[in-house]
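Everything below belongs to input29.cif, which stores mmCIF, C-alpha atoms.
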data_work
#
loop_
_atom_site.label_atom_id
_atom_site.label_comp_id
_atom_site.auth_asym_id
_atom_site.auth_seq_id
_atom_site.Cartn_x
_atom_site.Cartn_y
_atom_site.Cartn_z
CA MET D 1 94.63 328.24 70.00
CA SER D 2 97.91 326.66 68.97
CA LEU D 3 97.12 323.06 69.72
CA TYR D 4 99.68 322.00 67.16
CA TYR D 5 102.54 323.54 69.16
CA VAL D 6 101.29 322.28 72.51
CA GLN D 7 101.30 318.78 71.06
CA LYS D 8 104.63 319.30 69.33
CA LEU D 9 106.28 320.23 72.61
CA MET D 10 104.85 317.12 74.29
CA TYR D 11 105.78 314.91 71.35
CA GLN D 12 109.37 316.11 71.71
CA LEU D 13 109.32 315.78 75.50
CA ASN D 14 108.14 312.20 75.11
CA ARG D 15 110.89 311.16 72.73
CA ASP D 16 113.91 313.38 73.37
CA GLU D 17 115.89 313.29 76.57
CA HIS D 18 117.55 316.65 75.77
CA VAL D 19 114.16 318.35 75.54
CA ARG D 20 113.17 316.76 78.85
CA THR D 21 116.37 318.08 80.44
CA ARG D 22 115.69 321.57 79.12
CA PHE D 23 112.12 321.34 80.37
CA GLY D 24 113.58 320.84 83.83
CA ASP D 25 116.49 323.28 83.72
CA ASP D 26 115.68 325.89 81.11
CA ARG D 27 111.91 325.83 80.80
CA ASP D 28 111.18 329.46 79.89
CA SER D 29 113.67 329.46 77.07
CA LEU D 30 112.37 326.10 75.78
CA LEU D 31 108.72 327.24 75.83
CA ARG D 32 109.56 330.42 73.91
CA GLU D 33 110.42 328.20 70.95
CA TYR D 34 106.77 327.18 70.62
CA GLN D 35 103.89 329.43 69.65
CA LEU D 36 101.78 329.10 72.78
CA THR D 37 98.95 331.20 74.20
CA ASP D 38 99.19 332.22 77.86
CA GLU D 39 96.52 329.65 78.73
CA GLU D 40 98.46 326.91 76.96
CA ARG D 41 101.74 327.92 78.56
CA SER D 42 100.29 327.87 82.07
CA ALA D 43 98.45 324.58 81.49
CA ILE D 44 101.78 323.02 80.51
CA VAL D 45 103.73 324.58 83.38
CA ASP D 46 101.01 323.69 85.91
CA GLY D 47 100.69 320.14 84.55
CA ASP D 48 96.94 320.75 84.17
CA ILE D 49 96.11 317.48 82.40
CA GLY D 50 92.37 318.19 82.44
CA LEU D 51 92.73 321.52 80.64
CA LEU D 52 95.25 320.10 78.17
CA TYR D 53 92.77 317.33 77.35
CA VAL D 54 89.96 319.87 76.87
CA MET D 55 92.25 321.91 74.60
CA GLY D 56 92.45 318.80 72.41
CA VAL D 57 95.84 317.24 73.14
CA ASN D 58 95.82 313.67 71.81
CA GLY D 59 95.90 311.04 74.54
CA GLN D 60 98.72 309.16 72.83
CA ILE D 61 100.83 312.22 73.64
CA LEU D 62 99.12 313.36 76.83
CA MET D 63 99.25 310.03 78.69
CA HIS D 64 103.04 310.06 78.53
CA TYR D 65 103.23 313.67 79.69
CA ALA D 66 100.97 312.71 82.61
CA ALA D 67 103.27 309.79 83.45
CA MET D 68 106.31 312.09 83.17
CA ILE D 69 104.90 314.45 85.79
CA GLY D 70 104.15 311.51 88.06
CA GLN D 71 100.45 310.82 87.54
CA GLU D 72 99.28 307.23 87.95
CA TRP D 73 96.84 305.84 85.38
CA ASP D 74 93.69 306.38 87.46
CA GLU D 75 94.76 309.94 88.33
CA TYR D 76 95.30 310.64 84.63
CA ILE D 77 91.84 309.37 83.68
CA GLU D 78 90.23 311.31 86.55
CA ALA D 79 92.15 314.49 85.66
CA MET D 80 90.66 314.40 82.14
CA ARG D 81 87.15 313.87 83.53
CA GLU D 82 87.64 316.74 85.96
CA GLY D 83 88.89 318.90 83.08
CA VAL D 84 85.66 318.29 81.16
CA ARG D 85 83.57 319.08 84.26
CA ARG D 86 85.47 322.34 84.81
CA HIS D 87 86.08 323.55 81.28
CA GLY D 88 83.40 321.88 79.17
CA PRO D 89 83.76 319.55 76.20
CA VAL D 90 86.96 319.08 74.20
CA ARG D 91 87.45 322.17 72.05
CA ALA D 92 89.56 320.97 69.14
CA GLY D 93 91.31 318.00 67.60
CA LEU D 94 90.18 314.43 67.07
CA TYR D 95 88.28 314.10 70.35
CA SER D 96 86.08 317.12 69.67
CA MET D 97 84.41 314.95 67.04
CA LEU D 98 83.54 312.19 69.52
CA ARG D 99 80.20 311.82 71.20
CA ASP D 100 80.49 312.66 74.87
CA ARG D 101 80.18 309.21 76.44
CA THR D 102 80.89 310.38 79.97
CA ALA D 103 77.90 312.71 80.23
CA MET E 1 109.97 282.62 49.04
CA SER E 2 106.86 284.30 50.30
CA LEU E 3 104.62 284.86 53.22
CA VAL E 4 104.92 282.01 55.73
CA PHE E 5 102.79 283.42 58.55
CA ALA E 6 100.17 286.12 59.01
CA GLY E 7 98.20 287.17 62.05
CA VAL E 8 96.86 290.01 64.13
CA CYS E 9 96.97 290.85 67.80
CA SER E 10 96.26 293.70 70.21
CA HIS E 11 99.00 296.02 71.40
CA ALA E 12 97.48 298.18 74.13
CA PRO E 13 100.06 299.36 76.69
CA GLY E 14 97.90 298.15 79.57
CA ILE E 15 98.43 294.54 78.41
CA THR E 16 101.89 294.69 79.96
CA GLY E 17 101.77 297.96 81.93
CA ARG E 18 98.63 297.27 83.96
CA ALA E 19 98.80 293.47 83.89
CA GLU E 20 98.31 293.05 87.63
CA ARG E 21 94.99 294.92 87.53
CA ALA E 22 93.23 292.60 85.07
CA ASP E 23 91.07 289.60 85.92
CA PRO E 24 93.88 287.00 86.30
CA GLU E 25 91.94 284.18 84.65
CA LEU E 26 91.05 286.22 81.57
CA ARG E 27 94.50 287.81 81.36
CA ASP E 28 96.29 284.48 81.56
CA ALA E 29 93.99 282.96 78.93
CA PHE E 30 94.86 285.87 76.64
CA TYR E 31 98.59 285.52 77.34
CA ALA E 32 98.36 281.77 76.64
CA ARG E 33 96.87 282.43 73.21
CA LEU E 34 99.58 284.97 72.45
CA ASP E 35 102.10 282.30 73.40
CA GLU E 36 100.39 279.86 71.06
CA MET E 37 100.65 282.50 68.34
CA ARG E 38 104.39 282.69 69.10
CA GLU E 39 104.67 278.92 68.66
CA ARG E 40 102.89 279.07 65.31
CA LEU E 41 105.09 281.97 64.24
CA GLU E 42 108.27 280.08 65.20
CA ALA E 43 107.02 276.90 63.48
CA SER E 44 106.79 278.87 60.23
CA ARG E 45 110.59 279.45 60.44
CA PRO E 46 110.51 283.09 59.34
CA ASP E 47 113.64 285.02 58.39
CA ALA E 48 111.99 288.31 59.29
CA LEU E 49 108.82 289.64 60.90
CA ILE E 50 106.96 292.62 59.47
CA VAL E 51 104.87 294.35 62.14
CA ILE E 52 102.12 296.55 60.72
CA ALA E 53 101.37 298.95 63.56
CA ALA E 54 99.50 302.19 64.14
CA VAL E 55 101.05 305.62 64.57
CA HIS E 56 101.06 306.78 68.19
CA PHE E 57 103.11 309.96 67.70
CA ALA E 58 106.35 308.32 68.82
CA ASN E 59 108.28 308.69 65.55
CA PHE E 60 106.01 310.72 63.31
CA PHE E 61 104.15 313.92 64.08
CA MET E 62 101.86 316.33 62.25
CA ASN E 63 104.85 318.27 60.91
CA ASN E 64 105.51 315.51 58.38
CA MET E 65 103.08 312.63 58.70
CA PRO E 66 103.42 309.65 56.37
CA ALA E 67 100.26 307.71 55.53
CA TYR E 68 102.52 304.62 55.38
CA CYS E 69 106.09 304.24 56.52
CA VAL E 70 108.37 301.18 56.41
CA GLY E 71 111.48 300.89 58.56
CA MET E 72 114.82 300.51 56.82
CA GLY E 73 117.15 300.37 59.80
CA ALA E 74 119.84 297.83 60.69
CA SER E 75 118.39 297.88 64.21
CA TYR E 76 115.78 299.65 66.28
CA TYR E 77 115.24 300.54 69.93
CA GLY E 78 112.27 300.34 72.21
CA PRO E 79 110.21 300.99 74.11
CA ILE E 80 110.25 304.75 73.74
CA GLU E 81 107.91 304.92 76.74
CA ASP E 82 109.02 304.71 80.34
CA GLU E 83 110.03 301.09 80.96
CA GLU E 84 108.18 300.84 84.24
CA TRP E 85 105.05 302.46 82.81
CA LEU E 86 104.95 299.91 79.99
CA GLY E 87 106.35 296.96 81.92
CA ILE E 88 108.88 296.20 79.16
CA GLU E 89 112.63 296.75 79.43
CA ARG E 90 114.35 298.91 76.85
CA THR E 91 116.25 296.83 74.31
CA GLU E 92 117.75 296.77 70.85
CA VAL E 93 115.73 294.94 68.22
CA PRO E 94 117.48 293.65 65.10
CA GLY E 95 116.33 294.85 61.69
CA ASN E 96 117.37 293.90 58.17
CA ALA E 97 118.09 297.03 56.16
CA ASP E 98 118.82 295.20 52.92
CA LEU E 99 115.56 293.24 53.04
CA SER E 100 113.69 296.43 53.94
CA ARG E 101 115.15 298.18 50.91
CA ARG E 102 114.12 295.38 48.55
CA LEU E 103 110.59 295.27 49.99
CA ILE E 104 110.22 299.05 49.74
CA GLU E 105 111.43 299.02 46.14
CA SER E 106 108.75 296.44 45.34
CA ILE E 107 106.00 298.36 47.12
CA LEU E 108 106.71 301.76 45.54
CA PRO E 109 105.22 301.03 42.10
CA SER E 110 101.85 300.55 43.87
CA ILE E 111 101.98 302.67 47.03
CA ASP E 112 104.02 305.81 47.78
CA VAL E 113 105.46 304.59 51.08
CA ALA E 114 107.86 306.63 53.17
CA TYR E 115 110.82 304.93 54.79
CA ALA E 116 112.76 305.56 57.99
CA GLU E 117 116.24 304.40 58.98
CA GLU E 118 115.67 305.49 62.58
CA TRP E 119 112.73 304.22 64.57
CA GLN E 120 112.05 304.02 68.29
CA PHE E 121 109.43 301.36 68.85
CA ASP E 122 106.46 302.36 71.00
CA HIS E 123 103.98 300.04 72.72
CA GLY E 124 102.30 299.41 69.36
CA ILE E 125 105.26 297.25 68.34
CA MET E 126 106.94 296.43 71.67
CA VAL E 127 103.88 294.79 73.27
CA PRO E 128 103.45 292.31 70.36
CA LEU E 129 107.23 291.62 70.28
CA HIS E 130 107.26 291.05 74.06
CA PHE E 131 104.97 288.06 73.51
CA LEU E 132 105.88 286.91 69.98
CA THR E 133 109.68 287.31 69.89
CA PRO E 134 110.55 287.55 73.60
CA ARG E 135 114.27 286.98 72.97
CA TYR E 136 114.30 289.77 70.34
CA ASP E 137 116.29 287.49 68.05
CA LEU E 138 114.15 287.72 64.89
CA PRO E 139 114.82 290.64 62.53
CA VAL E 140 111.83 292.98 62.57
CA ILE E 141 110.68 295.36 59.85
CA PRO E 142 108.35 297.95 61.33
CA VAL E 143 105.49 299.50 59.39
CA ASN E 144 103.36 302.40 60.57
CA VAL E 145 99.97 303.35 59.18
CA ASN E 146 98.65 306.74 60.27
CA CYS E 147 95.47 305.87 62.16
CA GLN E 148 95.71 308.74 64.66
CA GLY E 149 96.08 312.14 63.01
CA PRO E 150 93.49 312.82 60.26
CA PRO E 151 93.42 313.06 57.32
CA LEU E 152 93.87 309.29 57.26
CA THR E 153 94.52 306.90 54.41
CA PRO E 154 91.26 305.41 53.05
CA LEU E 155 90.44 301.81 54.00
CA GLU E 156 90.64 300.78 50.34
CA ARG E 157 94.23 301.99 50.29
CA ALA E 158 95.08 300.07 53.46
CA TYR E 159 93.90 296.92 51.68
CA GLU E 160 95.94 297.88 48.60
CA PHE E 161 98.97 298.50 50.79
CA GLY E 162 98.58 294.96 52.13
CA ARG E 163 98.39 293.59 48.60
CA ALA E 164 101.51 295.54 47.61
CA LEU E 165 103.32 294.25 50.68
CA ARG E 166 102.38 290.68 49.76
CA HIS E 167 103.63 291.21 46.22
CA ALA E 168 106.91 292.50 47.70
CA CYS E 169 107.17 289.45 50.01
CA ASP E 170 106.60 287.13 47.05
CA ALA E 171 109.51 288.78 45.22
CA VAL E 172 112.21 288.12 47.85
CA PRO E 173 113.86 284.78 48.73
CA GLU E 174 113.38 285.24 52.50
CA ARG E 175 110.60 283.64 54.50
CA ILE E 176 108.42 286.51 55.78
CA ALA E 177 105.93 286.67 58.64
CA ILE E 178 103.45 289.53 59.01
CA VAL E 179 101.65 290.57 62.17
CA GLY E 180 99.13 293.39 62.13
CA THR E 181 98.45 295.06 65.42
CA GLY E 182 95.71 297.44 66.38
CA GLY E 183 92.71 297.82 68.54
CA ILE E 184 89.27 297.28 67.16
CA SER E 185 86.74 299.48 68.98
CA HIS E 186 88.37 301.44 71.77
CA TRP E 187 88.74 304.92 73.21
CA PRO E 188 92.32 304.68 74.51
CA ALA E 189 93.96 307.32 76.68
CA THR E 190 90.70 309.29 77.04
CA PRO E 191 88.12 309.48 79.85
CA ASP E 192 86.30 306.67 78.00
CA SER E 193 89.27 304.34 78.26
CA GLY E 194 87.87 300.88 79.00
CA THR E 195 84.78 301.32 76.85
CA ILE E 196 84.63 298.50 74.29
CA ASN E 197 81.87 297.87 71.71
CA GLU E 198 81.98 294.09 71.68
CA SER E 199 79.25 293.57 69.10
CA TRP E 200 80.98 295.99 66.70
CA ASP E 201 84.28 294.17 67.31
CA ARG E 202 82.78 290.76 66.64
CA ASP E 203 81.13 291.99 63.45
CA PHE E 204 84.43 293.45 62.26
CA LEU E 205 86.30 290.25 63.14
CA HIS E 206 83.71 288.22 61.23
CA ARG E 207 84.42 290.34 58.15
CA PHE E 208 88.17 290.12 58.73
CA LEU E 209 88.27 286.34 59.17
CA ARG E 210 86.23 285.80 56.00
CA ASN E 211 88.55 288.32 54.33
CA ARG E 212 85.95 289.87 52.10
CA ARG E 213 87.39 293.11 50.87
CA GLU E 214 84.09 294.85 50.14
CA GLU E 215 82.83 294.19 53.68
CA LEU E 216 86.09 295.34 55.26
CA VAL E 217 86.32 298.65 53.43
CA ALA E 218 82.62 299.49 53.82
CA TYR E 219 83.03 301.59 56.98
CA SER E 220 83.10 305.36 56.79
CA ASP E 221 85.37 307.10 59.29
CA GLU E 222 82.32 308.90 60.70
CA GLU E 223 80.66 305.55 61.44
CA THR E 224 83.85 304.15 62.94
CA LEU E 225 84.32 307.19 65.18
CA ARG E 226 80.70 306.97 66.35
CA ASP E 227 80.61 303.21 67.00
CA ALA E 228 84.23 302.28 67.68
CA GLY E 229 85.92 305.47 68.87
CA GLN E 230 89.04 307.08 67.51
CA GLY E 231 90.88 303.86 68.37
CA GLY E 232 88.69 302.12 65.81
CA PHE E 233 90.66 303.85 63.07
CA GLU E 234 93.34 301.23 63.76
CA ILE E 235 91.29 298.67 61.81
CA ARG E 236 93.56 299.82 58.98
CA THR E 237 96.30 297.54 60.31
CA PHE E 238 93.97 294.52 60.22
CA ILE E 239 92.72 295.49 56.76
CA ALA E 240 96.33 295.66 55.51
CA VAL E 241 96.87 292.10 56.77
CA ALA E 242 93.67 291.06 54.97
CA GLY E 243 95.08 292.61 51.79
CA ALA E 244 98.35 290.74 52.28
CA THR E 245 96.45 287.48 52.63
CA GLU E 246 93.83 288.05 49.96
CA GLY E 247 91.98 284.81 49.25
CA ALA E 248 92.85 283.30 52.62
CA THR E 249 90.58 283.09 55.64
CA GLY E 250 91.38 283.35 59.32
CA GLU E 251 91.04 281.66 62.66
CA LEU E 252 90.09 283.58 65.79
CA MET E 253 92.26 282.28 68.63
CA PHE E 254 91.07 284.72 71.29
CA TYR E 255 88.74 287.65 71.74
CA ALA E 256 87.61 289.13 75.06
CA PRO E 257 87.06 292.69 76.25
CA ILE E 258 89.48 293.43 79.10
CA PRO E 259 88.54 296.97 80.19
CA ILE E 260 91.70 297.74 82.20
CA PHE E 261 93.64 296.97 79.01
CA ALA E 262 91.27 299.42 77.25
CA VAL E 263 90.62 297.08 74.33
CA GLY E 264 88.91 293.91 73.18
CA CYS E 265 91.96 291.67 73.35
CA THR E 266 92.36 289.79 70.10
CA VAL E 267 94.58 287.06 68.70
CA ALA E 268 93.96 285.66 65.22
CA THR E 269 95.89 284.05 62.40
CA MET E 270 95.27 283.93 58.68
CA ALA E 271 95.85 280.70 56.74
CA VAL E 272 98.69 281.27 54.31
CA ASP E 273 100.15 278.57 52.08
#
What does this structure look like when you write it as structure tokens?
Amino acid sequence: MSLYYVQKLMYQLNRDEHVRTRFGDDRDSLLREYQLTDEERSAIVDGDIGLLYVMGVNGQILMHYAAMIGQEWDEYIEAMREGVRRHGPVRAGLYSMLRDRTA
Amino acid sequence: MSLVFAGVCSHAPGITGRAERADPELRDAFYARLDEMRERLEASRPDALIVIAAVHFANFFMNNMPAYCVGMGASYYGPIEDEEWLGIERTEVPGNADLSRRLIESILPSIDVAYAEEWQFDHGIMVPLHFLTPRYDLPVIPVNVNCQGPPLTPLERAYEFGRALRHACDAVPERIAIVGTGGISHWPATPDSGTINESWDRDFLHRFLRNRREELVAYSDEETLRDAGQGGFEIRTFIAVAGATEGATGELMFYAPIPIFAVGCTVATMAVD
């Protein structure tokens, strides 16, 4: 798990237009700059919001990534719920300490 | 001069970004109270507005996370989020670098604050400004408290930070307003978005409005996480305002859970002389 780098990439995507441009035009090269597992890399490339949430990406970062890839608010919320149904509870980060209120 | 105005309000992005999805009557009542807060703020004739906001990973990340950071820019930009997503147009917001520097110098003997000359405002500051300084003509000094990426500053320190900020305000000739902005209980940007623990919120607000330090700092983070979600960690912004207005009590102008805004929407002022 390299949750830190998954979140760092999204933090930079959210605030830096140049990183967003590279994400569109030069994605492989950009992603090589972050220490990502294969699962993390494919979750990012596939825009798998549910899996990214289960991995522990903070919603303050993830909700903007979801908006960037075109998800409406309700789709974003549902994608996280679907992620928990498919992959189980959040594995790391702040949310792994929360009681599961959706169960 | 000193502190001429102090208050708190919510900042959730849904307040502007998902406005059309809220119960219109409740939403408009909330907006009306925010507008009344704007009138009170303007009547205090401030030279600058300090906004004590929560970190949302817009400017600071876990590579170098300040517990407290004060802006020291001549101007700022926001929102960092997509304009359409937030429902607020991107704009330049004036700062006051010289005033920031003097405030920071006064705070440092008590609290080891970081400072930042660059700052892109996220919803945590832009949503309050949208209602309180809609013409963006009042110099703003942003403050961030890390309420999002543990380890977090203890509640006692948030109160002390508020006291240090007040001391700094008392030491400058300008008329200063302070607005703290955070959620109380909420689970923002998670599958539990929209969950609000109203009784916990009202109990916290009761403690805040009476401004009794011991009651405000009595929460453990484990209790807050259990009862008020990770968003509850943002009570640090309210507690800092309580520290800045030590000895004063407050008036609750509005509180109502609005689930599509993902927070118990709150407007309150503290009586400052």
Find the nearest atom pair between each residue of range 10-60 of chain D and range 65-73 of chain D for residues within 8 Å, count all atoms listed in the file, give distances in Å to one decimal, sort rows by chain and ascending number, and present the table as a tab-separated table.
residue	atom	partner	partner_atom	distance
D:Met10	CA	D:Tyr65	CA	6.6
D:Leu13	CA	D:Tyr65	CA	7.7
D:Asn14	CA	D:Tyr65	CA	6.9
D:Gly47	CA	D:Ile69	CA	7.2
D:Ile49	CA	D:Ala66	CA	6.8
>> Using the chain letters and numbers from this file, what does the PyMOL selection byres ((chain D and resi 91) around 12) select? Give the answer as a list in words.
In response: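 What the PyMOL selection byres ((chain D and resi 91) around 12) grabs from the file is Met1, Ser2, Leu3, Leu51, Leu52, Tyr53, Val54, Met55, Gly56, Val57, Asn58, Gly83, Val84, His87, Gly88, Pro89, Val90, Ala92, Gly93, Leu94, Tyr95, Ser96, Met97 and Leu98 of chain D.
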Convert the current residue selection to file output with C-alpha atoms, as a tab-separated table (two decimals), in the coordinates of the input.
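Everything below was put into result37.tsv:
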chain	number	residue	atom	x	y	z
D	1	MET	CA	94.63	328.24	70.00
D	2	SER	CA	97.91	326.66	68.97
D	3	LEU	CA	97.12	323.06	69.72
D	51	LEU	CA	92.73	321.52	80.64
D	52	LEU	CA	95.25	320.10	78.17
D	53	TYR	CA	92.77	317.33	77.35
D	54	VAL	CA	89.96	319.87	76.87
D	55	MET	CA	92.25	321.91	74.60
D	56	GLY	CA	92.45	318.80	72.41
D	57	VAL	CA	95.84	317.24	73.14
D	58	ASN	CA	95.82	313.67	71.81
D	83	GLY	CA	88.89	318.90	83.08
D	84	VAL	CA	85.66	318.29	81.16
D	87	HIS	CA	86.08	323.55	81.28
D	88	GLY	CA	83.40	321.88	79.17
D	89	PRO	CA	83.76	319.55	76.20
D	90	VAL	CA	86.96	319.08	74.20
D	92	ALA	CA	89.56	320.97	69.14
D	93	GLY	CA	91.31	318.00	67.60
D	94	LEU	CA	90.18	314.43	67.07
D	95	TYR	CA	88.28	314.10	70.35
D	96	SER	CA	86.08	317.12	69.67
D	97	MET	CA	84.41	314.95	67.04
D	98	LEU	CA	83.54	312.19	69.52
Can you tell me which residues surround Leu132 in chain E at a distance of at most 7 Å, considering all atoms listed in the file, apart from same-chain residues fewer than 3 positions away, and format the answer as a PDB file with C-alpha atoms, in the frame of the given file?
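And here is the file that came out, selection_15.pdb:
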ATOM      1  CA  ASP E  35     102.100 282.300  73.400  1.00  0.00           C
ATOM      2  CA  ARG E  38     104.390 282.690  69.100  1.00  0.00           C
ATOM      3  CA  PRO E 128     103.450 292.310  70.360  1.00  0.00           C
ATOM      4  CA  LEU E 129     107.230 291.620  70.280  1.00  0.00           C
TER       5      LEU E 129
END
>> I need the output of the PyMOL selection byres ((chain E and resi 41-51) around 10) for this file as a ChimeraX atom specification; which residues are they?
In response: /E:2-8,35-40,52-54,70-71,94-96,99-100,124-126,128-129,132-133,137-144,165,169,173-181,237,241,269
>> Could you list, as a PyMOL selection string, every residue matched by the PyMOL selection byres ((chain E and resi 15) around 10) in this structure?
In response: chain E and resi 10-14+16-22+27+30-31+86-87+123+127-128+258+260-263+265
> Between CA of Gln12 in chain D and CA of Ala158 in chain E, what is the spacing in Å?
Replying inline: 28.2 Å
> Which residues, written as number ranges by chain, have at least one atom at most 6 Å from Tyr77 in chain E, with all atoms listed in the file counted and residues fewer than 3 positions away on the same chain left out?
Replying inline: E: 91-93, 120-121
>> Based on all atoms listed in the file, which of the residues in chain E come within 7 Å of chain D? I want them as a ChimeraX atom specification.
In response: /E:56-58,80,189-192,225-226
>> Rounded to one decimal, what separation in Å do you get between CA of Thr195 in chain E and CA of Ala67 in chain E?
In response: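 Straight-line distance from CA of Thr195 in chain E to CA of Ala67 in chain E works out to 27.1 Å.
Here CA of Val172 in chain E is placed at a distance of 22.0 Å from CA of Tyr76 in chain E.
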> Which is closer to Arg202 in chain E than all the others in E:Pro150, E:Ala164, E:Gln230, E:Pro257, using all atoms listed in the file?
Replying inline: E:Pro257
Specify the axis-aligned box that encloses all atoms of range 1-13 of chain D listed in the file after padding of 8 Å on each side, stating its centre and edge lengths in Å to one decimal as AutoDock Vina command-line options.
--center_x 102.0 --center_y 321.6 --center_z 71.3 --size_x 30.7 --size_y 29.3 --size_z 24.3
> Which is closer to Cys69 in chain E than all the others in E:Val113, E:Leu252, E:Leu155, E:Gly264, using only C-alpha atoms?
Replying inline: E:Val113
> Taking into account all atoms listed in the file, which residue in the set E:Gly250, E:Gly229, E:Gly182, E:Gly194 is nearest to Cys9 in chain E?
Replying inline: E:Gly182
> Taking (105.5, 323.3, 68.9) in the file's coordinates as the center, which residues reach within 8 Å of it, counting all atoms listed in the file, put as a list in words?
Replying inline: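 Result, sorted by chain then residue number: Tyr4, Tyr5, Val6, Gln7, Lys8, Leu9, Glu33, Tyr34, Gln35 and Leu36 of chain D.
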> For Trp187 in chain E, which residue among E:Ala268, E:Ala228, E:Cys147, E:Ala244 is the nearest when counting only C-alpha atoms?
Replying inline: E:Ala228
Just add N, CA and C atoms to range 211-227 of chain E and send it as an mmCIF file, keeping the file's coordinate frame.
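Heads up, here's the output in part-v3.cif:
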data_model
loop_
_atom_site.group_PDB
_atom_site.id
_atom_site.type_symbol
_atom_site.label_atom_id
_atom_site.label_comp_id
_atom_site.auth_asym_id
_atom_site.auth_seq_id
_atom_site.Cartn_x
_atom_site.Cartn_y
_atom_site.Cartn_z
ATOM 1 N N ASN E 211 87.689 287.568 55.252
ATOM 2 C CA ASN E 211 88.550 288.320 54.330
ATOM 3 C C ASN E 211 87.814 288.703 53.049
ATOM 4 N N ARG E 212 86.680 289.341 53.255
ATOM 5 C CA ARG E 212 85.950 289.870 52.100
ATOM 6 C C ARG E 212 86.200 291.357 52.011
ATOM 7 N N ARG E 213 86.934 291.731 50.994
ATOM 8 C CA ARG E 213 87.390 293.110 50.870
ATOM 9 C C ARG E 213 86.247 294.114 50.955
ATOM 10 N N GLU E 214 85.178 293.860 50.200
ATOM 11 C CA GLU E 214 84.090 294.850 50.140
ATOM 12 C C GLU E 214 83.478 295.098 51.519
ATOM 13 N N GLU E 215 83.402 294.037 52.332
ATOM 14 C CA GLU E 215 82.830 294.190 53.680
ATOM 15 C C GLU E 215 83.794 294.945 54.586
ATOM 16 N N LEU E 216 85.089 294.722 54.388
ATOM 17 C CA LEU E 216 86.090 295.340 55.260
ATOM 18 C C LEU E 216 86.242 296.835 54.999
ATOM 19 N N VAL E 217 86.085 297.229 53.762
ATOM 20 C CA VAL E 217 86.320 298.650 53.430
ATOM 21 C C VAL E 217 85.025 299.449 53.425
ATOM 22 N N ALA E 218 83.926 298.833 53.916
ATOM 23 C CA ALA E 218 82.620 299.490 53.820
ATOM 24 C C ALA E 218 82.395 300.561 54.880
ATOM 25 N N TYR E 219 83.240 300.617 55.900
ATOM 26 C CA TYR E 219 83.030 301.590 56.980
ATOM 27 C C TYR E 219 83.433 302.995 56.550
ATOM 28 N N SER E 220 82.625 303.984 56.914
ATOM 29 C CA SER E 220 83.100 305.360 56.790
ATOM 30 C C SER E 220 83.791 305.733 58.105
ATOM 31 N N ASP E 221 84.696 306.690 58.055
ATOM 32 C CA ASP E 221 85.370 307.100 59.290
ATOM 33 C C ASP E 221 84.383 307.695 60.294
ATOM 34 N N GLU E 222 83.332 308.339 59.793
ATOM 35 C CA GLU E 222 82.320 308.900 60.700
ATOM 36 C C GLU E 222 81.628 307.762 61.476
ATOM 37 N N GLU E 223 81.303 306.688 60.772
ATOM 38 C CA GLU E 223 80.660 305.550 61.440
ATOM 39 C C GLU E 223 81.615 304.913 62.448
ATOM 40 N N THR E 224 82.871 304.766 62.051
ATOM 41 C CA THR E 224 83.850 304.150 62.940
ATOM 42 C C THR E 224 84.032 304.986 64.199
ATOM 43 N N LEU E 225 84.141 306.295 64.026
ATOM 44 C CA LEU E 225 84.320 307.190 65.180
ATOM 45 C C LEU E 225 83.124 307.084 66.124
ATOM 46 N N ARG E 226 81.922 307.025 65.544
ATOM 47 C CA ARG E 226 80.700 306.970 66.350
ATOM 48 C C ARG E 226 80.599 305.637 67.111
ATOM 49 N N ASP E 227 80.878 304.545 66.436
ATOM 50 C CA ASP E 227 80.610 303.210 67.000
ATOM 51 C C ASP E 227 81.834 302.584 67.659
#
